[in-house]
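Below: one structure, written as structure tokens.
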Amino acid sequence: MELFYTPNTISVVVAIALEEAGIAYTLRLVDFATAEQTKEPYLTLNPKGRVPTLVTPQGPLTEAGAILDYIGAMAPDLIPHDPFQAGRMREVMYYVASTFHIAHAHKMRGARWADLETSFADMRAKVPQTVGACCAYLESIYPLEPFVLGSDFTLADPYLYVVSTWGEGDGVEMANFPKLSAFMETMRARPSVQAVIAKGMLT
Ligand SMILES: N[C@@H](CCC(=O)N[C@@H](CS)C(=O)NCC(=O)O)C(=O)O
């Protein structure tokens with residue numbers, strides 16, 4: 001399979017999950033500096049102009065959460081066997097996709113929602129507060145010791161880990177969230193994360 005990615009973006013979560021699943025993949029860099037994601041031939045693969053895209057034997061798959069579930073279907077131990085815990089895992093995944101990631105996107109991608117420079121500045125200024133609120137919520141609700149749901153690693157772990165690496169850059173004092181900070185250290189030490197760091201996908 002081929003993973004179209006850009007370093008330090010949400011696409012990295014797919015690489016970590018593939019590493020965890022032991023599934024071989026080839027990396028294809030999408031260069032944001034030249035806006036490659038907005039041009040052909042990439043747009044044919046992913047008309048949304050975003051990363052990640054995973055090209056599978058059956059065709060391209062997009063949306064980080066959907067790709068994680070695809071990987072989980074091939075590596076079932078990455079998903080809790082208990083239905084409630086599986087629901088909790090997806091609760092975190094949907095929250096990361098629909099709330100945390102979107103809060104972060106207001107820093108650099110204001111043009112998705114507004115046209116005025118003053119609107120962009122306003123959105124950017126709010127990011128430390130909104131991303132900080134996401135961190136506070138996650139810190140207060142989930143075990144995060146050592147993993148999001150407790151003792152077992154699940155697909156929610158790489159997903160939350162990658163967005164958490166954006167926290168400091170978003171103006172959030174991550175040290176204010178000791179459980180989340182310890183979780184990030186646990187994740188960074190994992191062979192799967194070390195592998196993607198070695199491949200230059202994550203700094
Ligand atoms: N809902 C999509 C969002 C993907 C997304 O927004 N990726 C960002 C990088 S973190 C991107 O490709 N941005 C490029 C752009 O906005 O031009 C997913 O979860 O896969």
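Here, A, B, ... name the chains of the structure tokens in the order displayed, residue numbers run from 1 inside each chain, and ligands are numbered from 1 in the same displayed order.
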Could you tell me, counting only C-alpha atoms and all ligand atoms, which protein and nucleic acid residues lie no more than 9 Å from ligand 1, written as a ChimeraX atom specification? /A:5-6,8-12,32,35-38,48-53,62-67,96-98,101-102,104-105,108-109,112,163
Would you export the selected residues with C-alpha atoms as a short mmCIF file (atom, residue, chain, number, x, y, z; two decimals), in the first residue's frame, please?
data_model
loop_
_atom_site.label_atom_id
_atom_site.label_comp_id
_atom_site.auth_asym_id
_atom_site.auth_seq_id
_atom_site.Cartn_x
_atom_site.Cartn_y
_atom_site.Cartn_z
CA TYR A 5 1.64 11.99 3.76
CA THR A 6 3.17 15.26 4.85
CA ASN A 8 3.92 16.37 11.24
CA THR A 9 0.36 16.29 9.89
CA ILE A 10 -2.50 14.00 10.80
CA SER A 11 -1.29 11.63 8.05
CA VAL A 12 1.45 10.49 10.45
CA PHE A 32 2.74 21.42 1.19
CA ALA A 35 0.72 23.11 -2.48
CA GLU A 36 1.00 19.70 -4.13
CA GLN A 37 -2.13 18.60 -2.22
CA THR A 38 -4.21 21.10 -4.20
CA LYS A 48 -10.48 16.98 -0.91
CA GLY A 49 -6.87 18.10 -1.34
CA ARG A 50 -5.82 16.86 2.08
CA VAL A 51 -3.54 14.23 3.55
CA PRO A 52 -3.66 11.35 4.36
CA THR A 53 -4.58 9.15 1.44
CA THR A 62 -9.19 9.01 2.84
CA GLU A 63 -10.04 10.37 6.30
CA ALA A 64 -7.56 9.44 9.00
CA GLY A 65 -10.22 7.87 11.25
CA ALA A 66 -11.65 5.72 8.45
CA ILE A 67 -8.15 4.57 7.46
CA VAL A 96 -9.96 14.23 17.78
CA ALA A 97 -11.23 14.45 14.19
CA SER A 98 -14.19 16.75 14.73
CA HIS A 101 -8.10 18.84 14.80
CA ILE A 102 -10.58 21.55 13.79
CA HIS A 104 -5.93 23.42 15.64
CA ALA A 105 -6.78 24.18 12.00
CA MET A 108 -3.26 28.25 9.80
CA ARG A 109 -6.35 27.44 7.77
CA ARG A 112 -11.62 27.66 5.05
CA VAL A 163 -2.61 15.94 17.59
#
So which residues touch range 190-196 of chain A within 10 Å, counting only C-alpha atoms, skipping near sequence neighbours fewer than 6 positions away, as a list in words?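 So, after excluding close chain neighbours, the residues are Pro7, Val12, Val13, Ala15, Ile16, Ala17, Leu18, Glu19, Glu20, Ala21, Gly22, Pro158, Tyr161, Val162, Leu202 and Thr203 of chain A.
Within chain A, the backbone-based DSSP assignment of strand (DSSP E) covers Glu2, Leu3, Phe4, Tyr5, Thr26, Leu27, Arg28, Leu29, Thr53, Leu54, Val55, Thr56, Gly59, Pro60, Leu61 and Thr62 of chain A.
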Residues at most 10 Å from Tyr142 in chain A, counting only C-alpha atoms, excluding those fewer than 3 positions away in the same chain, as a PyMOL selection string? chain A and resi 88+92+137-139+145+147-150+179-180
Store the residues of this selection in a file with C-alpha atoms, as a JSON list (two decimals), in the first residue's frame.
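Saved the output as out.json:
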[["chain", "number", "residue", "atom", "x", "y", "z"],
["A", 88, "ARG", "CA", -14.99, 4.61, 23.88],
["A", 92, "VAL", "CA", -11.87, 9.65, 21.31],
["A", 137, "TYR", "CA", -11.27, 17.71, 28.55],
["A", 138, "LEU", "CA", -9.22, 14.68, 27.51],
["A", 139, "GLU", "CA", -7.08, 14.92, 30.66],
["A", 145, "GLU", "CA", -2.26, 5.73, 32.00],
["A", 147, "PHE", "CA", -2.77, 4.58, 27.18],
["A", 148, "VAL", "CA", -5.90, 6.60, 26.41],
["A", 149, "LEU", "CA", -8.28, 3.88, 27.63],
["A", 150, "GLY", "CA", -5.96, 2.46, 30.28],
["A", 179, "LYS", "CA", -1.37, 12.75, 32.32],
["A", 180, "LEU", "CA", -1.38, 13.85, 28.69]]
How many Å lie between CA of Arg90 in chain A and CA of Thr154 in chain A, rounded to one decimal?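 Distance reported for this atom pair: 9.8 Å.
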Near Ser181 in chain A, within 10 Å and counting only C-alpha atoms, which residues show up once chain neighbours fewer than 6 positions away are dropped, as a PDB file with all heavy atoms, in the first residue's frame?
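Once everything was written out, this is around.pdb:
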ATOM      1  N   GLU A 139      -7.791  15.194  29.398  1.00  0.00           N
ATOM      2  CA  GLU A 139      -7.078  14.924  30.656  1.00  0.00           C
ATOM      3  C   GLU A 139      -8.067  14.550  31.766  1.00  0.00           C
ATOM      4  O   GLU A 139      -7.790  13.702  32.597  1.00  0.00           O
ATOM      5  CB  GLU A 139      -6.288  16.181  31.047  1.00  0.00           C
ATOM      6  CG  GLU A 139      -5.577  16.121  32.379  1.00  0.00           C
ATOM      7  CD  GLU A 139      -4.113  15.717  32.269  1.00  0.00           C
ATOM      8  OE1 GLU A 139      -3.616  15.485  31.143  1.00  0.00           O
ATOM      9  OE2 GLU A 139      -3.461  15.613  33.314  1.00  0.00           O
ATOM     10  N   LEU A 144      -5.575   7.615  30.289  1.00  0.00           N
ATOM     11  CA  LEU A 144      -4.278   8.084  29.764  1.00  0.00           C
ATOM     12  C   LEU A 144      -3.097   7.453  30.495  1.00  0.00           C
ATOM     13  O   LEU A 144      -1.993   7.987  30.460  1.00  0.00           O
ATOM     14  CB  LEU A 144      -4.170   9.611  29.826  1.00  0.00           C
ATOM     15  CG  LEU A 144      -5.077  10.399  28.870  1.00  0.00           C
ATOM     16  CD1 LEU A 144      -5.165  11.869  29.287  1.00  0.00           C
ATOM     17  CD2 LEU A 144      -4.580  10.293  27.441  1.00  0.00           C
ATOM     18  N   TYR A 161      -2.092  10.987  20.087  1.00  0.00           N
ATOM     19  CA  TYR A 161      -0.675  11.366  20.208  1.00  0.00           C
ATOM     20  C   TYR A 161      -0.298  12.415  19.151  1.00  0.00           C
ATOM     21  O   TYR A 161       0.296  13.447  19.470  1.00  0.00           O
ATOM     22  CB  TYR A 161       0.226  10.134  20.077  1.00  0.00           C
ATOM     23  CG  TYR A 161       1.682  10.518  20.058  1.00  0.00           C
ATOM     24  CD1 TYR A 161       2.265  11.167  21.155  1.00  0.00           C
ATOM     25  CD2 TYR A 161       2.480  10.287  18.941  1.00  0.00           C
ATOM     26  CE1 TYR A 161       3.597  11.557  21.136  1.00  0.00           C
ATOM     27  CE2 TYR A 161       3.808  10.669  18.914  1.00  0.00           C
ATOM     28  CZ  TYR A 161       4.358  11.307  20.007  1.00  0.00           C
ATOM     29  OH  TYR A 161       5.664  11.710  19.986  1.00  0.00           O
ATOM     30  N   SER A 164      -1.650  15.777  19.824  1.00  0.00           N
ATOM     31  CA  SER A 164      -1.044  16.346  21.040  1.00  0.00           C
ATOM     32  C   SER A 164       0.341  16.933  20.751  1.00  0.00           C
ATOM     33  O   SER A 164       0.755  17.883  21.422  1.00  0.00           O
ATOM     34  CB  SER A 164      -0.927  15.280  22.130  1.00  0.00           C
ATOM     35  OG  SER A 164      -2.208  14.826  22.497  1.00  0.00           O
ATOM     36  N   THR A 165       1.036  16.369  19.750  1.00  0.00           N
ATOM     37  CA  THR A 165       2.361  16.922  19.412  1.00  0.00           C
ATOM     38  C   THR A 165       2.222  18.349  18.851  1.00  0.00           C
ATOM     39  O   THR A 165       3.201  19.071  18.781  1.00  0.00           O
ATOM     40  CB  THR A 165       3.125  16.052  18.385  1.00  0.00           C
ATOM     41  OG1 THR A 165       2.408  16.039  17.143  1.00  0.00           O
ATOM     42  CG2 THR A 165       3.339  14.631  18.880  1.00  0.00           C
ATOM     43  N   MET A 174       1.718  22.387  27.643  1.00  0.00           N
ATOM     44  CA  MET A 174       1.342  20.980  27.827  1.00  0.00           C
ATOM     45  C   MET A 174       1.687  20.470  29.228  1.00  0.00           C
ATOM     46  O   MET A 174       1.066  19.517  29.706  1.00  0.00           O
ATOM     47  CB  MET A 174       2.001  20.110  26.745  1.00  0.00           C
ATOM     48  CG  MET A 174       1.494  20.414  25.333  1.00  0.00           C
ATOM     49  SD  MET A 174      -0.297  20.259  25.158  1.00  0.00           S
ATOM     50  CE  MET A 174      -0.481  18.478  25.012  1.00  0.00           C
ATOM     51  N   ALA A 175       2.662  21.120  29.883  1.00  0.00           N
ATOM     52  CA  ALA A 175       3.029  20.705  31.244  1.00  0.00           C
ATOM     53  C   ALA A 175       1.845  20.867  32.208  1.00  0.00           C
ATOM     54  O   ALA A 175       1.816  20.234  33.269  1.00  0.00           O
ATOM     55  CB  ALA A 175       4.223  21.508  31.729  1.00  0.00           C
ATOM     56  N   MET A 187       4.138   7.265  24.367  1.00  0.00           N
ATOM     57  CA  MET A 187       3.943   7.056  22.930  1.00  0.00           C
ATOM     58  C   MET A 187       5.241   7.282  22.154  1.00  0.00           C
ATOM     59  O   MET A 187       5.571   6.526  21.247  1.00  0.00           O
ATOM     60  CB  MET A 187       2.835   7.979  22.403  1.00  0.00           C
ATOM     61  CG  MET A 187       1.434   7.551  22.794  1.00  0.00           C
ATOM     62  SD  MET A 187       0.994   5.907  22.190  1.00  0.00           S
ATOM     63  CE  MET A 187       1.062   6.154  20.420  1.00  0.00           C
TER      64      MET A 187
END
In range 83-198 of chain A, DSSP helix (DSSP H, G or I) residues written as JSON, numbers by chain: {"A": [83, 84, 85, 86, 87, 88, 89, 90, 91, 92, 93, 94, 95, 96, 97, 98, 99, 100, 101, 102, 103, 104, 105, 110, 111, 112, 117, 118, 119, 120, 121, 122, 123, 124, 125, 126, 127, 128, 129, 130, 131, 132, 133, 134, 135, 136, 137, 138, 139, 140, 141, 156, 157, 158, 159, 160, 161, 162, 163, 164, 168, 169, 170, 174, 175, 176, 178, 179, 180, 181, 182, 183, 184, 185, 186, 187, 188, 189, 191, 192, 193, 194, 195, 196, 197, 198]}
Nearest candidate to Ala73 in chain A (options A:Leu54, A:Leu155, A:Met201, A:Leu160; using only C-alpha atoms):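 Residue with the minimum atom-to-atom distance to Ala73 in chain A: A:Leu155.
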